[in-house]
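Text of query05.txt, listed as compact mmCIF, C-alpha atoms:
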# COMPACT_ATOMS: atom_id res chain seq x y z
CA MET A 5 24.27 24.35 21.38
CA LYS A 6 25.70 23.76 24.83
CA TYR A 7 23.63 21.41 26.96
CA SER A 8 23.58 21.83 30.71
CA PRO A 9 26.29 19.60 32.27
CA ARG A 10 24.11 16.72 33.53
CA LEU A 11 22.06 16.68 30.35
CA ALA A 12 25.29 16.51 28.33
CA GLN A 13 26.48 13.65 30.54
CA LEU A 14 23.25 11.71 30.02
CA ILE A 15 23.44 12.15 26.25
CA GLU A 16 27.06 10.96 26.31
CA ALA A 17 26.14 7.91 28.41
CA LEU A 18 23.29 6.99 26.05
CA ARG A 19 25.71 7.07 23.12
CA ALA A 20 27.43 4.02 24.61
CA LEU A 21 24.39 1.97 23.60
CA PRO A 22 24.85 0.02 20.36
CA GLY A 23 23.47 1.78 17.30
CA VAL A 24 22.86 5.09 19.08
CA GLY A 25 24.42 8.19 17.51
CA PRO A 26 24.41 11.79 18.79
CA LYS A 27 21.00 12.59 17.32
CA SER A 28 19.19 9.54 18.76
CA ALA A 29 20.97 9.99 22.08
CA GLN A 30 19.60 13.54 22.29
CA ARG A 31 16.14 12.32 21.35
CA MET A 32 16.29 9.61 24.01
CA ALA A 33 17.52 12.00 26.71
CA PHE A 34 14.84 14.58 25.92
CA GLN A 35 12.09 11.97 25.99
CA LEU A 36 13.37 10.44 29.22
CA LEU A 37 13.43 13.84 30.95
CA ARG A 38 10.06 14.81 29.62
CA ASP A 39 7.09 12.48 29.91
CA GLY A 40 6.38 11.76 33.54
CA ARG A 41 9.98 10.62 34.05
CA SER A 42 8.87 7.26 35.41
CA ALA A 43 10.39 5.49 32.39
CA ALA A 44 13.76 7.07 33.22
CA GLN A 45 13.46 6.08 36.86
CA THR A 46 12.54 2.51 35.87
CA LEU A 47 15.47 2.31 33.47
CA ALA A 48 17.96 3.52 36.08
CA GLN A 49 16.63 1.06 38.64
CA SER A 50 16.56 -1.85 36.17
CA LEU A 51 20.16 -1.14 35.22
CA GLU A 52 21.30 -1.13 38.84
CA ALA A 53 19.33 -4.28 39.63
CA ALA A 54 20.62 -6.16 36.58
CA LEU A 55 24.22 -5.07 37.24
CA ALA A 56 23.95 -6.37 40.78
CA ALA A 57 22.18 -9.64 40.03
CA VAL A 58 23.15 -10.83 36.55
CA LYS A 59 26.42 -12.75 36.25
CA PRO A 60 27.74 -15.53 34.01
CA CYS A 61 26.38 -19.06 34.57
CA ARG A 62 29.08 -21.06 36.34
CA ARG A 63 28.91 -23.80 33.72
CA CYS A 64 28.04 -22.25 30.33
CA ARG A 65 28.82 -18.53 30.82
CA MET A 66 25.32 -17.47 29.68
CA PHE A 67 23.77 -14.57 31.64
CA ALA A 68 22.15 -15.94 34.79
CA GLU A 69 20.99 -14.80 38.22
CA GLU A 70 21.56 -18.10 39.98
CA ASP A 71 24.77 -20.09 40.05
CA LEU A 72 23.53 -22.09 37.06
CA CYS A 73 21.39 -20.65 34.26
CA ALA A 74 17.91 -22.07 33.64
CA ILE A 75 19.14 -24.22 30.74
CA CYS A 76 22.10 -25.77 32.58
CA ALA A 77 19.90 -26.37 35.63
CA SER A 78 17.09 -28.04 33.69
CA PRO A 79 16.99 -31.87 33.87
CA GLN A 80 14.88 -31.88 30.69
CA ARG A 81 17.84 -30.80 28.59
CA GLU A 82 19.75 -33.47 26.73
CA ALA A 83 23.04 -33.67 28.59
CA GLY A 84 24.86 -35.35 25.70
CA LEU A 85 24.72 -32.33 23.37
CA LEU A 86 26.74 -29.14 23.83
CA CYS A 87 26.35 -26.25 21.38
CA VAL A 88 29.15 -23.68 21.39
CA VAL A 89 28.14 -20.13 20.41
CA GLU A 90 29.89 -16.77 20.41
CA THR A 91 27.36 -14.62 22.29
CA PRO A 92 24.29 -14.75 24.56
CA ALA A 93 22.26 -13.39 21.62
CA ASP A 94 23.19 -16.56 19.70
CA VAL A 95 21.75 -18.69 22.51
CA VAL A 96 18.51 -16.72 22.22
CA ALA A 97 18.46 -17.21 18.43
CA VAL A 98 19.03 -20.98 18.62
CA GLU A 99 16.43 -21.31 21.40
CA GLN A 100 13.90 -19.40 19.33
CA SER A 101 14.40 -21.80 16.43
CA GLY A 102 12.89 -24.42 18.75
CA SER A 103 15.05 -27.11 17.18
CA TYR A 104 17.64 -27.80 19.85
CA ARG A 105 17.22 -29.51 23.22
CA GLY A 106 20.83 -29.74 24.41
CA ARG A 107 22.93 -27.36 26.45
CA TYR A 108 25.17 -24.43 25.46
CA PHE A 109 28.58 -22.98 26.01
CA VAL A 110 28.99 -19.24 25.41
CA LEU A 111 32.48 -18.10 24.38
CA MET A 112 31.67 -14.37 24.70
CA GLY A 113 33.70 -13.72 21.56
CA HIS A 114 35.92 -15.57 19.13
CA LEU A 115 39.64 -16.24 18.81
CA SER A 116 41.27 -12.96 17.85
CA PRO A 117 44.83 -12.76 19.19
CA LEU A 118 45.29 -9.17 17.98
CA ASP A 119 42.39 -8.07 20.19
CA GLY A 120 43.74 -10.05 23.12
CA MET A 121 41.08 -12.76 22.74
CA GLY A 122 42.89 -16.07 23.30
CA PRO A 123 41.63 -19.44 24.57
CA GLU A 124 41.71 -18.22 28.15
CA GLN A 125 39.39 -15.25 27.51
CA LEU A 126 36.95 -17.58 25.71
CA GLY A 127 36.75 -19.92 28.69
CA VAL A 128 38.40 -22.82 26.88
CA ARG A 129 39.67 -24.20 30.19
CA GLU A 130 36.07 -24.40 31.49
CA LEU A 131 34.95 -25.96 28.21
CA GLU A 132 37.68 -28.62 28.46
CA ALA A 133 36.54 -29.40 32.00
CA ILE A 134 33.06 -30.14 30.63
CA LEU A 135 34.52 -32.32 27.84
CA ASP A 136 36.59 -34.22 30.43
CA GLU A 137 33.56 -34.87 32.68
CA GLY A 138 32.32 -37.46 30.20
CA GLY A 139 28.62 -37.81 29.40
CA LEU A 140 28.96 -35.66 26.28
CA ARG A 141 28.07 -37.26 22.92
CA GLU A 142 28.65 -34.39 20.51
CA LEU A 143 30.10 -30.90 20.44
CA ILE A 144 28.16 -28.70 18.01
CA LEU A 145 30.13 -25.68 16.82
CA ALA A 146 27.78 -22.80 16.06
CA THR A 147 30.25 -19.93 15.85
CA ASN A 148 29.66 -17.35 13.12
CA PRO A 149 30.64 -18.13 9.51
CA THR A 150 33.42 -15.51 9.57
CA VAL A 151 37.17 -16.04 9.34
CA GLU A 152 37.50 -15.76 13.15
CA GLY A 153 34.43 -17.89 13.78
CA GLU A 154 35.73 -20.66 11.50
CA ALA A 155 39.15 -20.57 13.13
CA THR A 156 37.54 -20.79 16.56
CA ALA A 157 35.37 -23.73 15.45
CA HIS A 158 38.38 -25.62 14.13
CA TYR A 159 40.38 -24.96 17.26
CA LEU A 160 37.55 -26.26 19.48
CA ALA A 161 36.83 -29.24 17.22
CA GLU A 162 40.43 -30.28 17.72
CA LEU A 163 39.87 -30.35 21.51
CA ALA A 164 36.87 -32.67 21.12
CA LEU A 165 38.46 -34.98 18.54
CA ARG A 166 41.57 -35.36 20.69
CA ARG A 167 39.22 -36.79 23.37
CA GLY A 168 37.52 -39.12 20.90
CA LEU A 169 34.35 -36.98 20.97
CA ARG A 170 32.28 -36.18 17.91
CA ALA A 171 32.50 -32.52 16.80
CA SER A 172 30.14 -31.02 14.21
CA ARG A 173 29.75 -27.68 12.48
CA ILE A 174 26.33 -26.16 11.70
CA ALA A 175 25.48 -26.11 7.98
CA HIS A 176 25.98 -23.01 5.86
CA GLY A 177 24.04 -22.40 2.68
CA VAL A 178 21.14 -20.53 1.12
CA PRO A 179 18.81 -19.23 3.87
CA ILE A 180 15.21 -20.48 3.82
CA GLY A 181 13.05 -17.96 1.98
CA GLY A 182 16.14 -16.45 0.33
CA GLU A 183 16.39 -16.21 -3.44
CA ILE A 184 19.38 -17.88 -5.05
CA GLU A 185 19.68 -14.94 -7.45
CA TYR A 186 20.47 -12.59 -4.57
CA VAL A 187 22.66 -14.84 -2.43
CA ASP A 188 26.37 -13.91 -2.33
CA GLY A 189 28.99 -16.08 -3.99
CA GLY A 190 30.58 -17.31 -0.78
CA THR A 191 27.28 -18.60 0.55
CA LEU A 192 26.45 -20.27 -2.77
CA ALA A 193 29.87 -21.97 -2.83
CA ARG A 194 29.15 -23.35 0.67
CA ALA A 195 25.66 -24.42 -0.38
CA LEU A 196 27.10 -26.36 -3.32
CA SER A 197 29.97 -27.98 -1.47
CA GLY A 198 27.60 -28.95 1.36
CA ARG A 199 24.98 -30.51 -0.95
CA GLN A 200 23.22 -33.61 0.29
CA ASN A 201 21.51 -36.50 -1.48
CA ILE A 202 17.72 -36.34 -1.62
CA MET B 18 13.45 -17.96 25.31
CA LYS B 19 12.80 -16.96 28.91
CA TYR B 20 15.24 -14.38 30.23
CA SER B 21 16.12 -14.29 33.90
CA PRO B 22 13.77 -11.84 35.70
CA ARG B 23 16.13 -8.87 36.08
CA LEU B 24 17.43 -9.25 32.55
CA ALA B 25 13.83 -9.32 31.27
CA GLN B 26 13.11 -6.19 33.31
CA LEU B 27 16.12 -4.37 31.86
CA ILE B 28 15.12 -5.29 28.29
CA GLU B 29 11.59 -4.06 29.00
CA ALA B 30 12.90 -0.76 30.44
CA LEU B 31 15.14 -0.19 27.42
CA ARG B 32 12.13 -0.62 25.12
CA ALA B 33 10.73 2.62 26.54
CA LEU B 34 13.46 4.49 24.64
CA PRO B 35 12.28 6.01 21.35
CA GLY B 36 12.99 3.84 18.31
CA VAL B 37 14.03 0.79 20.34
CA GLY B 38 12.21 -2.48 19.55
CA PRO B 39 12.55 -5.87 21.25
CA LYS B 40 15.57 -6.91 19.19
CA SER B 41 17.60 -3.73 19.80
CA ALA B 42 16.59 -3.72 23.47
CA GLN B 43 18.02 -7.24 23.82
CA ARG B 44 21.20 -6.20 22.02
CA MET B 45 21.58 -3.15 24.28
CA ALA B 46 20.99 -5.16 27.46
CA PHE B 47 23.48 -7.84 26.44
CA GLN B 48 26.14 -5.29 25.57
CA LEU B 49 25.57 -3.33 28.78
CA LEU B 50 25.94 -6.47 30.90
CA ARG B 51 28.94 -7.65 29.00
CA ASP B 52 31.88 -5.36 28.35
CA GLY B 53 33.34 -4.19 31.60
CA ARG B 54 29.91 -2.93 32.73
CA SER B 55 31.25 0.56 33.39
CA ALA B 56 29.09 1.94 30.56
CA ALA B 57 26.00 0.53 32.30
CA GLN B 58 27.08 2.00 35.62
CA THR B 59 27.71 5.37 34.00
CA LEU B 60 24.32 5.30 32.30
CA ALA B 61 22.48 4.46 35.52
CA GLN B 62 24.28 7.22 37.40
CA SER B 63 23.79 9.78 34.61
CA LEU B 64 20.07 9.02 34.57
CA GLU B 65 19.75 9.48 38.31
CA ALA B 66 21.81 12.68 38.24
CA ALA B 67 19.85 14.17 35.33
CA LEU B 68 16.51 13.24 36.90
CA ALA B 69 17.52 14.98 40.10
CA ALA B 70 19.06 18.10 38.56
CA VAL B 71 17.35 18.85 35.25
CA LYS B 72 14.07 20.79 35.40
CA PRO B 73 12.25 23.26 33.17
CA CYS B 74 13.66 26.79 32.95
CA ARG B 75 11.39 29.06 34.99
CA ARG B 76 10.96 31.40 32.05
CA CYS B 77 11.08 29.43 28.79
CA ARG B 78 10.49 25.81 29.93
CA MET B 79 13.66 24.56 28.20
CA PHE B 80 15.64 21.93 30.15
CA ALA B 81 17.89 23.67 32.66
CA GLU B 82 19.76 22.98 35.88
CA GLU B 83 19.55 26.50 37.26
CA ASP B 84 16.41 28.51 37.77
CA LEU B 85 16.96 30.10 34.36
CA CYS B 86 18.43 28.24 31.36
CA ALA B 87 21.68 29.53 29.82
CA ILE B 88 19.82 31.29 27.00
CA CYS B 89 17.31 33.12 29.22
CA ALA B 90 20.12 34.07 31.61
CA SER B 91 22.43 35.43 28.90
CA PRO B 92 22.51 39.25 28.56
CA GLN B 93 23.87 38.82 25.03
CA ARG B 94 20.54 37.51 23.77
CA GLU B 95 18.22 39.94 22.03
CA ALA B 96 15.43 40.42 24.53
CA GLY B 97 13.02 41.75 21.89
CA LEU B 98 12.69 38.45 20.03
CA LEU B 99 10.85 35.38 21.32
CA CYS B 100 10.75 32.20 19.26
CA VAL B 101 8.04 29.69 20.22
CA VAL B 102 8.86 26.03 19.50
CA GLU B 103 7.19 22.72 20.34
CA THR B 104 10.10 20.81 21.87
CA PRO B 105 13.58 21.20 23.39
CA ALA B 106 14.94 19.42 20.29
CA ASP B 107 13.58 22.31 18.21
CA VAL B 108 15.57 24.78 20.34
CA VAL B 109 18.70 22.74 19.61
CA ALA B 110 17.93 22.71 15.88
CA VAL B 111 17.36 26.48 15.70
CA GLU B 112 20.48 27.13 17.78
CA GLN B 113 22.53 24.94 15.47
CA SER B 114 21.37 26.94 12.46
CA GLY B 115 23.34 29.82 14.01
CA SER B 116 20.84 32.32 12.62
CA TYR B 117 18.91 33.37 15.69
CA ARG B 118 20.02 35.52 18.62
CA GLY B 119 16.76 35.97 20.53
CA ARG B 120 15.15 33.89 23.26
CA TYR B 121 12.79 30.92 23.18
CA PHE B 122 9.60 29.59 24.63
CA VAL B 123 9.11 25.81 24.63
CA LEU B 124 5.50 24.61 24.54
CA MET B 125 6.40 20.93 25.16
CA GLY B 126 3.77 19.90 22.64
CA HIS B 127 1.05 21.47 20.53
CA LEU B 128 -2.67 22.14 20.94
CA SER B 129 -4.40 18.78 20.78
CA PRO B 130 -7.59 18.80 22.89
CA LEU B 131 -8.25 15.08 22.29
CA ASP B 132 -4.91 14.23 23.94
CA GLY B 133 -5.63 16.62 26.80
CA MET B 134 -3.15 19.22 25.52
CA GLY B 135 -4.84 22.58 26.02
CA PRO B 136 -3.41 26.08 26.53
CA GLU B 137 -2.67 25.33 30.18
CA GLN B 138 -0.51 22.27 29.43
CA LEU B 139 1.43 24.31 26.86
CA GLY B 140 2.27 27.01 29.40
CA VAL B 141 0.24 29.68 27.62
CA ARG B 142 -0.30 31.51 30.91
CA GLU B 143 3.49 31.82 31.37
CA LEU B 144 3.85 32.93 27.75
CA GLU B 145 1.19 35.62 28.23
CA ALA B 146 3.07 36.84 31.30
CA ILE B 147 6.17 37.34 29.13
CA LEU B 148 4.09 39.16 26.47
CA ASP B 149 2.63 41.41 29.17
CA GLU B 150 6.04 42.30 30.58
CA GLY B 151 6.69 44.53 27.58
CA GLY B 152 10.13 44.70 25.98
CA LEU B 153 9.15 42.19 23.29
CA ARG B 154 9.27 43.33 19.66
CA GLU B 155 8.22 40.18 17.82
CA LEU B 156 6.82 36.73 18.55
CA ILE B 157 8.22 34.19 16.05
CA LEU B 158 6.06 31.07 15.72
CA ALA B 159 8.24 28.08 14.86
CA THR B 160 5.79 25.26 15.57
CA ASN B 161 5.82 22.33 13.14
CA PRO B 162 4.09 22.63 9.74
CA THR B 163 1.43 20.10 10.75
CA VAL B 164 -2.29 20.65 11.28
CA GLU B 165 -1.78 20.88 15.06
CA GLY B 166 1.34 23.02 14.74
CA GLU B 167 -0.44 25.48 12.46
CA ALA B 168 -3.45 25.67 14.78
CA THR B 169 -1.14 26.32 17.72
CA ALA B 170 0.70 29.04 15.80
CA HIS B 171 -2.55 30.79 14.93
CA TYR B 172 -3.81 30.60 18.48
CA LEU B 173 -0.60 32.12 19.83
CA ALA B 174 -0.42 34.76 17.10
CA GLU B 175 -3.83 35.92 18.24
CA LEU B 176 -2.46 36.48 21.75
CA ALA B 177 0.35 38.65 20.41
CA LEU B 178 -1.79 40.64 17.97
CA ARG B 179 -4.34 41.35 20.70
CA ARG B 180 -1.51 43.09 22.59
CA GLY B 181 -0.41 45.06 19.51
CA LEU B 182 2.71 42.88 19.17
CA ARG B 183 4.08 41.66 15.85
CA ALA B 184 3.68 37.89 15.31
CA SER B 185 5.44 36.03 12.50
CA ARG B 186 5.48 32.46 11.20
CA ILE B 187 8.69 30.83 9.89
CA ALA B 188 8.71 30.27 6.11
CA HIS B 189 7.78 26.92 4.60
CA GLY B 190 9.00 25.85 1.19
CA VAL B 191 11.52 23.78 -0.72
CA PRO B 192 14.40 22.82 1.61
CA ILE B 193 17.88 23.99 0.64
CA GLY B 194 19.63 21.22 -1.28
CA GLY B 195 16.29 19.55 -1.99
CA GLU B 196 15.22 18.83 -5.54
CA ILE B 197 11.93 20.30 -6.68
CA GLU B 198 11.18 17.06 -8.54
CA TYR B 199 11.06 15.13 -5.28
CA VAL B 200 9.35 17.68 -3.05
CA ASP B 201 5.77 16.83 -2.05
CA GLY B 202 2.80 18.80 -3.38
CA GLY B 203 1.92 20.47 -0.08
CA THR B 204 5.43 21.86 0.30
CA LEU B 205 5.49 23.09 -3.30
CA ALA B 206 2.12 24.80 -2.83
CA ARG B 207 3.56 26.62 0.22
CA ALA B 208 6.74 27.49 -1.71
CA LEU B 209 4.66 29.07 -4.49
CA SER B 210 2.21 30.94 -2.28
CA GLY B 211 5.13 32.25 -0.21
CA ARG B 212 7.19 33.42 -3.21
CA GLN B 213 9.10 36.68 -2.80
CA ASN B 214 10.31 39.29 -5.27
CA ILE B 215 13.99 39.08 -6.20
What does the file become when written as C-alpha cells?
Amino acid sequence: MKYSPRLAQLIEALRALPGVGPKSAQRMAFQLLRDGRSAAQTLAQSLEAALAAVKPCRRCRMFAEEDLCAICASPQREAGLLCVVETPADVVAVEQSGSYRGRYFVLMGHLSPLDGMGPEQLGVRELEAILDEGGLRELILATNPTVEGEATAHYLAELALRRGLRASRIAHGVPIGGEIEYVDGGTLARALSGRQNI
Amino acid sequence: MKYSPRLAQLIEALRALPGVGPKSAQRMAFQLLRDGRSAAQTLAQSLEAALAAVKPCRRCRMFAEEDLCAICASPQREAGLLCVVETPADVVAVEQSGSYRGRYFVLMGHLSPLDGMGPEQLGVRELEAILDEGGLRELILATNPTVEGEATAHYLAELALRRGLRASRIAHGVPIGGEIEYVDGGTLARALSGRQNI
C-alpha cells in the first residue's frame, strides 16, 4: 500500500515516538486525520509551543520554562540535599514518592564513553559548581542500578568525597509488594548484602 | 509533580493519540524535548502539512491529497468491483493481502444510530450515486464481523439488490494459521455454517 506523500511523512514522524511501531503509527495518523482534526491541531501547536518555551533549568537541568525550574526556585526545598538522577522522568518518579524534599540534578544520561557520553555531556562541571558553592550537606546518588548507572554514581561520589561532602547511594533490594520467590538473583544478593538490623 | 504549563499541555495533547496513557505520554514528551529536538520539529511540521493537504477522496472517501485517491484514479483497477470497508486502515489491510484489484468505498464508521451515525454520516448517498452510475458488477461488503458491521452490511446489500446488482459478504471462519482448539465459539459456528464442498 502506498500512502499519499504527506500521510506517509506523518506516519514516519510518528514512528519517532518511543514505543510506536509502523502499525500504531498508521493507527495514530488515521485517527488524527479523521475525528474533527482538532486533536491533531492541538498536538501540532503544543509541540511548537513546548519546543519554543521549554529549556533546561539553569541550575539542575530539569525541563523548565523559566530560568530556574519550580523546584530549584522554591525556598521550601531543603537546600542541603541534592539528588542526582539520570532523566527528568526519574525526577517525576522521586517526586511522586512524596518522600524527598531536597533539590535535584539531572544528568540527562549516564557515563558511557563509547556513546560519547563523558562528564562534560552529563553537566559534571555544573554539578561541581554547585558542590563548590557550599551549603550542601549530602549528595544522594539515584542513578539506575545498571553497570553504567553504578559507574556514574561512583564517579560522582568521588567528586563529593574529595570535597569532604557526604555522598550516599539509594538502597537496592526487594521491591515493596514483590515476592521473594520471583525476584532475580542480582536483586536478592543486593537485598542480603544491604540488610539492616531491626 | 506539577509540570511546567507548556510541558503539561504537550503531555495532555499526546494523550489524545490512541493507546497512549499518562505514563507513555510523559515518556514521549520527555523524549521529544530531549534528543536534538529535530524529531519534535518534524512531527509538528508533518502534522500541519498533513492537516492542510490530506482530505477525503471525492469518490471513495479514502485519505487522499488529490481530488481522487491513487486507487480511484488508477485505470488498472477493475472498475466492476467495489469493496465497502469501515475505515482507511481496512483499505490498507485488504491492499496488503494482495488479493483484490477492484476499488473501495470507505464508510468511516458503521451504522450506529445511538452515536449519531446514520446513512448520511456514512456517505450512503455518495455510494448510491456510484451504484447508479452503472459499470459495477459486484458490491463486496467487508465491514467488521460485529453486530453493527453486520447490520451495516445488510443495509448496504439491500441497496445493491434493489438495483439488480450482486452483493457479497466476505467469508468468516477460522483464520489461517489459527488452531481450531483456541478459536471462539462464534467463529467456529460461522466456519461450520459457511463450509464449502471440496
Problem - Option closest in space to Ala93 of chain A, from A:Ser78, A:Gly120, A:Asn148, A:Leu21 [counting only C-alpha atoms] - result: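 For Ala93 of chain A, the nearest of the given residues is A:Asn148.
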Could you list, with a cut-off of 7 Å and counting all atoms listed in the file, the residues of chain A near chain B, each shown with its nearest atom pair and the distance in Å rounded to one decimal, rows sorted by chain and ascending number, as a tab-separated table?
residue	atom	partner	partner_atom	distance
A:Met5	CA	B:Glu112	CA	5.9
A:Ser8	CA	B:Ala81	CA	6.3
A:Arg10	CA	B:Ala67	CA	5.3
A:Leu11	CA	B:Ala67	CA	6.0
A:Gln13	CA	B:Ser63	CA	6.2
A:Leu14	CA	B:Ser63	CA	5.0
A:Ala17	CA	B:Leu60	CA	5.0
A:Leu18	CA	B:Leu60	CA	6.6
A:Ala20	CA	B:Ala56	CA	6.5
A:Leu21	CA	B:Met45	CA	5.9
A:Pro22	CA	B:Met45	CA	6.0
A:Met32	CA	B:Leu34	CA	5.9
A:Leu37	CA	B:Leu68	CA	6.7
A:Ala43	CA	B:Ala33	CA	6.5
A:Ala44	CA	B:Leu64	CA	6.7
A:Thr46	CA	B:Ala30	CA	6.3
A:Leu47	CA	B:Ala30	CA	5.0
A:Ala48	CA	B:Ala61	CA	4.7
A:Ser50	CA	B:Leu27	CA	5.0
A:Leu51	CA	B:Ala61	CA	6.1
A:Glu52	CA	B:Ala61	CA	6.6
A:Ala53	CA	B:Arg23	CA	6.6
A:Ala54	CA	B:Arg23	CA	5.3
A:Leu55	CA	B:Leu50	CA	6.7
A:Ala68	CA	B:Ser21	CA	6.3
A:Glu69	CA	B:Ser21	CA	6.5
A:Val96	CA	B:Met18	CA	6.1
A:Glu99	CA	B:Met18	CA	5.9
A:Gln100	CA	B:Met18	CA	6.2
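Distances from B:Tyr199, B:Phe122, B:Tyr117, B:Tyr172 to Glu143 of chain B were compared using all atoms listed in the file, and the smallest one belongs to B:Phe122.
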Fill in the blank from the handout: Here atom CA of Arg120 of chain B and atom CA of Ala96 of chain B stand apart by 6.7 Å
With 8 Å as the threshold, what does the neighbourhood of (24.2, -30.7, 25.7) contain in terms of residues, counting only C-alpha atoms? Coordinates are those of the file; answer as an mmCIF file with C-alpha atoms, in the coordinates of the input.
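selection-v7.cif was written with the following content:
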data_model
loop_
_atom_site.group_PDB
_atom_site.id
_atom_site.type_symbol
_atom_site.label_atom_id
_atom_site.label_comp_id
_atom_site.auth_asym_id
_atom_site.auth_seq_id
_atom_site.Cartn_x
_atom_site.Cartn_y
_atom_site.Cartn_z
ATOM 1 C CA ARG A 81 17.840 -30.800 28.590
ATOM 2 C CA GLU A 82 19.750 -33.470 26.730
ATOM 3 C CA ALA A 83 23.040 -33.670 28.590
ATOM 4 C CA GLY A 84 24.860 -35.350 25.700
ATOM 5 C CA LEU A 85 24.720 -32.330 23.370
ATOM 6 C CA LEU A 86 26.740 -29.140 23.830
ATOM 7 C CA CYS A 87 26.350 -26.250 21.380
ATOM 8 C CA ARG A 105 17.220 -29.510 23.220
ATOM 9 C CA GLY A 106 20.830 -29.740 24.410
ATOM 10 C CA ARG A 107 22.930 -27.360 26.450
ATOM 11 C CA TYR A 108 25.170 -24.430 25.460
ATOM 12 C CA LEU A 140 28.960 -35.660 26.280
ATOM 13 C CA GLU A 142 28.650 -34.390 20.510
ATOM 14 C CA LEU A 143 30.100 -30.900 20.440
#
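All residues of protein, DNA or RNA that reach within 12 Å of Arg207 of chain B, judged by all atoms listed in the file and not counting those fewer than 6 positions away in the chain, are Pro162, Ile187, Ala188, His189, Gly190, Val191, Pro192, Val200, Asp201 and Gln213 of chain B.
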Practice task
Have a look at atom CA of Ala171 of chain A and atom CA of Ile144 of chain A and let me know their distance in Å, one decimal.
Solution key: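 Result for atom CA of Ala171 of chain A versus atom CA of Ile144 of chain A: 5.9 Å, one decimal.
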Practice task
To one decimal in Å, tell me the separation between atom CA of Val89 of chain A and atom CA of Ala133 of chain A.
Solution key: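 The value is 17.1 Å.
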For segment 35-53 of chain A, what centre and edge lengths in Å (one decimal) does the axis-aligned box get once 3 Å is added on each side of all its listed atoms, as AutoDock Vina command-line options?
--center_x 13.8 --center_y 5.3 --center_z 32.8 --size_x 20.9 --size_y 25.1 --size_z 19.6
